[in-house]
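Novice: Data: final_2.pdb, PDB, C-alpha atoms.
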ATOM      1  CA  MET A   1      14.453  21.307 -64.232  1.00  0.00           C
ATOM      2  CA  LYS A   2      16.360  21.986 -61.003  1.00  0.00           C
ATOM      3  CA  LEU A   3      19.012  19.559 -59.767  1.00  0.00           C
ATOM      4  CA  VAL A   4      17.902  17.879 -56.550  1.00  0.00           C
ATOM      5  CA  SER A   5      20.553  16.550 -54.189  1.00  0.00           C
ATOM      6  CA  ALA A   6      19.258  13.763 -51.979  1.00  0.00           C
ATOM      7  CA  VAL A   7      21.439  13.350 -48.883  1.00  0.00           C
ATOM      8  CA  MET A   8      21.761  10.046 -47.059  1.00  0.00           C
ATOM      9  CA  PRO A   9      23.777   9.992 -43.838  1.00  0.00           C
ATOM     10  CA  THR A  10      24.180   6.371 -42.774  1.00  0.00           C
ATOM     11  CA  ARG A  11      25.981   4.095 -40.347  1.00  0.00           C
ATOM     12  CA  GLY A  12      25.988   0.294 -40.396  1.00  0.00           C
ATOM     13  CA  ARG A  13      22.555  -0.167 -42.014  1.00  0.00           C
ATOM     14  CA  ALA A  14      23.343  -2.447 -44.941  1.00  0.00           C
ATOM     15  CA  LYS A  15      19.828  -3.863 -45.394  1.00  0.00           C
ATOM     16  CA  TRP A  16      18.055  -0.534 -44.979  1.00  0.00           C
ATOM     17  CA  ALA A  17      20.557   1.482 -47.019  1.00  0.00           C
ATOM     18  CA  ALA A  18      20.242  -0.955 -49.927  1.00  0.00           C
ATOM     19  CA  GLN A  19      16.456  -0.491 -49.830  1.00  0.00           C
ATOM     20  CA  ALA A  20      16.822   3.303 -49.696  1.00  0.00           C
ATOM     21  CA  LEU A  21      19.227   3.201 -52.657  1.00  0.00           C
ATOM     22  CA  GLU A  22      16.699   1.182 -54.650  1.00  0.00           C
ATOM     23  CA  CYS A  23      13.977   3.711 -53.736  1.00  0.00           C
ATOM     24  CA  TYR A  24      16.280   6.472 -54.997  1.00  0.00           C
ATOM     25  CA  ARG A  25      16.881   4.603 -58.271  1.00  0.00           C
ATOM     26  CA  GLN A  26      13.119   4.327 -58.821  1.00  0.00           C
ATOM     27  CA  GLN A  27      12.437   8.053 -58.406  1.00  0.00           C
ATOM     28  CA  THR A  28      10.607   9.531 -61.394  1.00  0.00           C
ATOM     29  CA  TYR A  29      12.324  12.907 -60.986  1.00  0.00           C
ATOM     30  CA  GLU A  30      15.195  12.756 -63.460  1.00  0.00           C
ATOM     31  CA  ASN A  31      17.593  15.586 -62.554  1.00  0.00           C
ATOM     32  CA  LYS A  32      18.905  14.180 -59.287  1.00  0.00           C
ATOM     33  CA  GLU A  33      21.969  13.065 -57.384  1.00  0.00           C
ATOM     34  CA  LEU A  34      22.434  11.083 -54.182  1.00  0.00           C
ATOM     35  CA  ILE A  35      25.119  11.944 -51.658  1.00  0.00           C
ATOM     36  CA  ILE A  36      25.821   9.076 -49.225  1.00  0.00           C
ATOM     37  CA  LEU A  37      28.000   9.672 -46.169  1.00  0.00           C
ATOM     38  CA  ASP A  38      28.902   6.552 -44.164  1.00  0.00           C
ATOM     39  CA  ASP A  39      30.789   6.746 -40.869  1.00  0.00           C
ATOM     40  CA  SER A  40      30.900   3.200 -39.611  1.00  0.00           C
ATOM     41  CA  GLU A  41      33.483   0.506 -39.083  1.00  0.00           C
ATOM     42  CA  ASP A  42      30.718  -1.752 -40.449  1.00  0.00           C
ATOM     43  CA  PRO A  43      29.763   0.236 -43.589  1.00  0.00           C
ATOM     44  CA  SER A  44      26.264   0.280 -44.991  1.00  0.00           C
ATOM     45  CA  PHE A  45      27.722  -0.642 -48.391  1.00  0.00           C
ATOM     46  CA  ALA A  46      30.459  -3.313 -48.554  1.00  0.00           C
ATOM     47  CA  VAL A  47      31.171  -2.061 -52.065  1.00  0.00           C
ATOM     48  CA  PRO A  48      30.402   1.590 -52.839  1.00  0.00           C
ATOM     49  CA  PRO A  49      27.502   1.922 -55.295  1.00  0.00           C
ATOM     50  CA  SER A  50      28.671   2.511 -58.857  1.00  0.00           C
ATOM     51  CA  ILE A  51      25.555   4.210 -60.151  1.00  0.00           C
ATOM     52  CA  PRO A  52      25.691   7.437 -62.166  1.00  0.00           C
ATOM     53  CA  GLY A  53      24.750  10.368 -59.964  1.00  0.00           C
ATOM     54  CA  VAL A  54      25.399   8.477 -56.718  1.00  0.00           C
ATOM     55  CA  PHE A  55      28.367   9.741 -54.688  1.00  0.00           C
ATOM     56  CA  TYR A  56      29.557   7.625 -51.762  1.00  0.00           C
ATOM     57  CA  THR A  57      31.951   8.897 -49.114  1.00  0.00           C
ATOM     58  CA  ALA A  58      33.164   6.904 -46.124  1.00  0.00           C
ATOM     59  CA  ILE A  59      34.690   8.712 -43.164  1.00  0.00           C
ATOM     60  CA  ASP A  60      36.540   7.154 -40.262  1.00  0.00           C
ATOM     61  CA  LYS A  61      35.149   9.278 -37.443  1.00  0.00           C
ATOM     62  CA  CYS A  62      31.607   8.791 -36.147  1.00  0.00           C
ATOM     63  CA  ARG A  63      29.577  11.981 -36.341  1.00  0.00           C
ATOM     64  CA  SER A  64      26.072  12.996 -35.357  1.00  0.00           C
ATOM     65  CA  ILE A  65      23.344  12.946 -37.999  1.00  0.00           C
ATOM     66  CA  PRO A  66      23.178  16.772 -38.119  1.00  0.00           C
ATOM     67  CA  GLU A  67      26.943  16.905 -38.678  1.00  0.00           C
ATOM     68  CA  LYS A  68      26.694  14.303 -41.441  1.00  0.00           C
ATOM     69  CA  ARG A  69      23.805  16.178 -43.087  1.00  0.00           C
ATOM     70  CA  ASN A  70      25.897  19.361 -43.072  1.00  0.00           C
ATOM     71  CA  ILE A  71      28.804  17.521 -44.695  1.00  0.00           C
ATOM     72  CA  CYS A  72      26.446  16.062 -47.303  1.00  0.00           C
ATOM     73  CA  GLY A  73      25.083  19.540 -47.969  1.00  0.00           C
ATOM     74  CA  ARG A  74      28.596  20.816 -48.647  1.00  0.00           C
ATOM     75  CA  LEU A  75      29.170  17.930 -51.089  1.00  0.00           C
ATOM     76  CA  ALA A  76      25.839  18.487 -52.863  1.00  0.00           C
ATOM     77  CA  HIS A  77      25.565  20.263 -56.210  1.00  0.00           C
ATOM     78  CA  GLY A  78      21.793  20.692 -56.333  1.00  0.00           C
ATOM     79  CA  GLU A  79      19.696  23.797 -55.942  1.00  0.00           C
ATOM     80  CA  ILE A  80      17.335  21.762 -53.761  1.00  0.00           C
ATOM     81  CA  ILE A  81      18.586  19.491 -50.970  1.00  0.00           C
ATOM     82  CA  MET A  82      16.316  16.712 -49.769  1.00  0.00           C
ATOM     83  CA  ASN A  83      16.790  14.260 -46.899  1.00  0.00           C
ATOM     84  CA  PHE A  84      16.811  10.647 -48.035  1.00  0.00           C
ATOM     85  CA  ASP A  85      17.310   8.659 -44.836  1.00  0.00           C
ATOM     86  CA  SER A  86      18.899   5.228 -45.044  1.00  0.00           C
ATOM     87  CA  ASP A  87      16.109   3.611 -43.041  1.00  0.00           C
ATOM     88  CA  ASP A  88      13.127   5.052 -44.934  1.00  0.00           C
ATOM     89  CA  TRP A  89      11.059   3.790 -47.823  1.00  0.00           C
ATOM     90  CA  SER A  90      10.147   6.372 -50.482  1.00  0.00           C
ATOM     91  CA  ALA A  91       7.486   6.180 -53.176  1.00  0.00           C
ATOM     92  CA  PRO A  92       8.784   6.623 -56.751  1.00  0.00           C
ATOM     93  CA  GLU A  93       7.046  10.012 -57.043  1.00  0.00           C
ATOM     94  CA  ARG A  94       8.389  11.415 -53.767  1.00  0.00           C
ATOM     95  CA  MET A  95      11.062  13.703 -55.214  1.00  0.00           C
ATOM     96  CA  ALA A  96       8.857  14.927 -58.059  1.00  0.00           C
ATOM     97  CA  SER A  97       5.973  15.634 -55.655  1.00  0.00           C
ATOM     98  CA  GLN A  98       8.148  17.529 -53.201  1.00  0.00           C
ATOM     99  CA  VAL A  99       9.767  19.618 -55.941  1.00  0.00           C
ATOM    100  CA  ALA A 100       6.340  20.445 -57.408  1.00  0.00           C
ATOM    101  CA  PHE A 101       5.096  21.472 -53.967  1.00  0.00           C
ATOM    102  CA  LEU A 102       8.122  23.719 -53.417  1.00  0.00           C
ATOM    103  CA  GLU A 103       7.742  25.368 -56.820  1.00  0.00           C
ATOM    104  CA  GLU A 104       4.013  26.001 -56.264  1.00  0.00           C
ATOM    105  CA  SER A 105       4.489  27.625 -52.861  1.00  0.00           C
TER     106      SER A 105
END
Transcribe the structure of this file into C-alpha cells.

Specialist:
Amino acid sequence: MKLVSAVMPTRGRAKWAAQALECYRQQTYENKELIILDDSEDPSFAVPPSIPGVFYTAIDKCRSIPEKRNICGRLAHGEIIMNFDSDDWSAPERMASQVAFLEES
C-alpha cells in the first residue's frame, strides 16, 4: 500500500481547517500522512494538531497557494501527493477512491 501525502496549505481558516482535519482523520485509506502549512498571523490551529501522521508547520511569511503547495510537497514523504484544501469537505472514501483510480489507469 503506497504512502499518500495529503497537503493542506492554509491561512487563518480555523473553522474550515478543523473540519478538513476531521475529514482527514475519517479517511478509510490507512497509509497516509497530512502536511499542514500555515502562514498567518491568525493561525488556522491555535494549538498544532498532535495526531500521528499529521505534520504542522507555521511560517511567518505569507506565500501564495502554489508556493505553499510546493513547500508541502518538499515536506511530504508519500509516493502519491494529494491536495487536501483547508476549506473543503471530503468523503471518508476519497483518498482510497483516488488511489484506486490512479492505480487502475

Novice: Taking the file as I've supplied it (selection: the PyMOL selection byres ((chain A and resi 102) around 12)), which residues are included? Please answer as a PyMOL selection string.

Specialist: chain A and resi 2+4+79-82+95-101+103-105

Novice: Give me, please, the distance in Å between CA of Ser50 in chain A and CA of Ala91 in chain A, quoted to one decimal.

Specialist: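 Distance reported for this atom pair: 22.2 Å.
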
Novice: Convert the output of the PyMOL selection byres ((chain A and resi 12) around 12) on the shown file into explicit residues, formatted as a list in words.

Specialist: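 Here the PyMOL selection byres ((chain A and resi 12) around 12) matches Pro9, Thr10, Arg11, Arg13, Ala14, Lys15, Trp16, Ala17, Ala18, Leu37, Asp38, Asp39, Ser40, Glu41, Asp42, Pro43, Ser44, Phe45, Ala46, Ala58, Cys62, Ser86 and Asp87 of chain A.
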
Novice: Could you work out how far CA of Gln26 in chain A lies from CA of Val7 in chain A, giving the answer in Å with one decimal?

Specialist: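 Between these atoms lies a distance of 15.8 Å.
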
Novice: Quick check, in Å to one decimal: how far apart do CA of Lys68 in chain A and CA of Gly53 in chain A lie?

Specialist: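 CA of Gly53 in chain A lies 19.0 Å from CA of Lys68 in chain A.
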
Novice: Excluding Phe84 in chain A and its own-chain neighbours fewer than 5 positions away, which residues fall within 12 Å of it when counting all atoms listed in the file? Please give them as a ChimeraX atom specification.

Specialist: /A:4-10,16-17,19-25,27,32-37,69,72,89-91,94-95

Novice: What box, with edges along x, y and z, holds each listed atom of range 54-62 of chain A when 5 Å is added on every side, and can you state its centre and edge lengths in Å to one decimal, as lines of an AutoDock Vina configuration file?

Specialist:
center_x = 31.0
center_y = 8.3
center_z = -46.4
size_x = 21.1
size_y = 12.8
size_z = 30.6

Novice: Restricting the calculation to only C-alpha atoms: of A:Asn70, A:Asn83, A:Ser64, A:Asn31, which residue gets closest to Pro52 in chain A?

Specialist: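 Checking each candidate against Pro52 in chain A, we get A:Asn31 as the closest.
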
Novice: With distances taken over all atoms listed in the file, which residue among A:Gly73, A:Pro92, A:Asp85, A:Pro66 lies nearest Tyr29 in chain A?

Specialist: A:Pro92
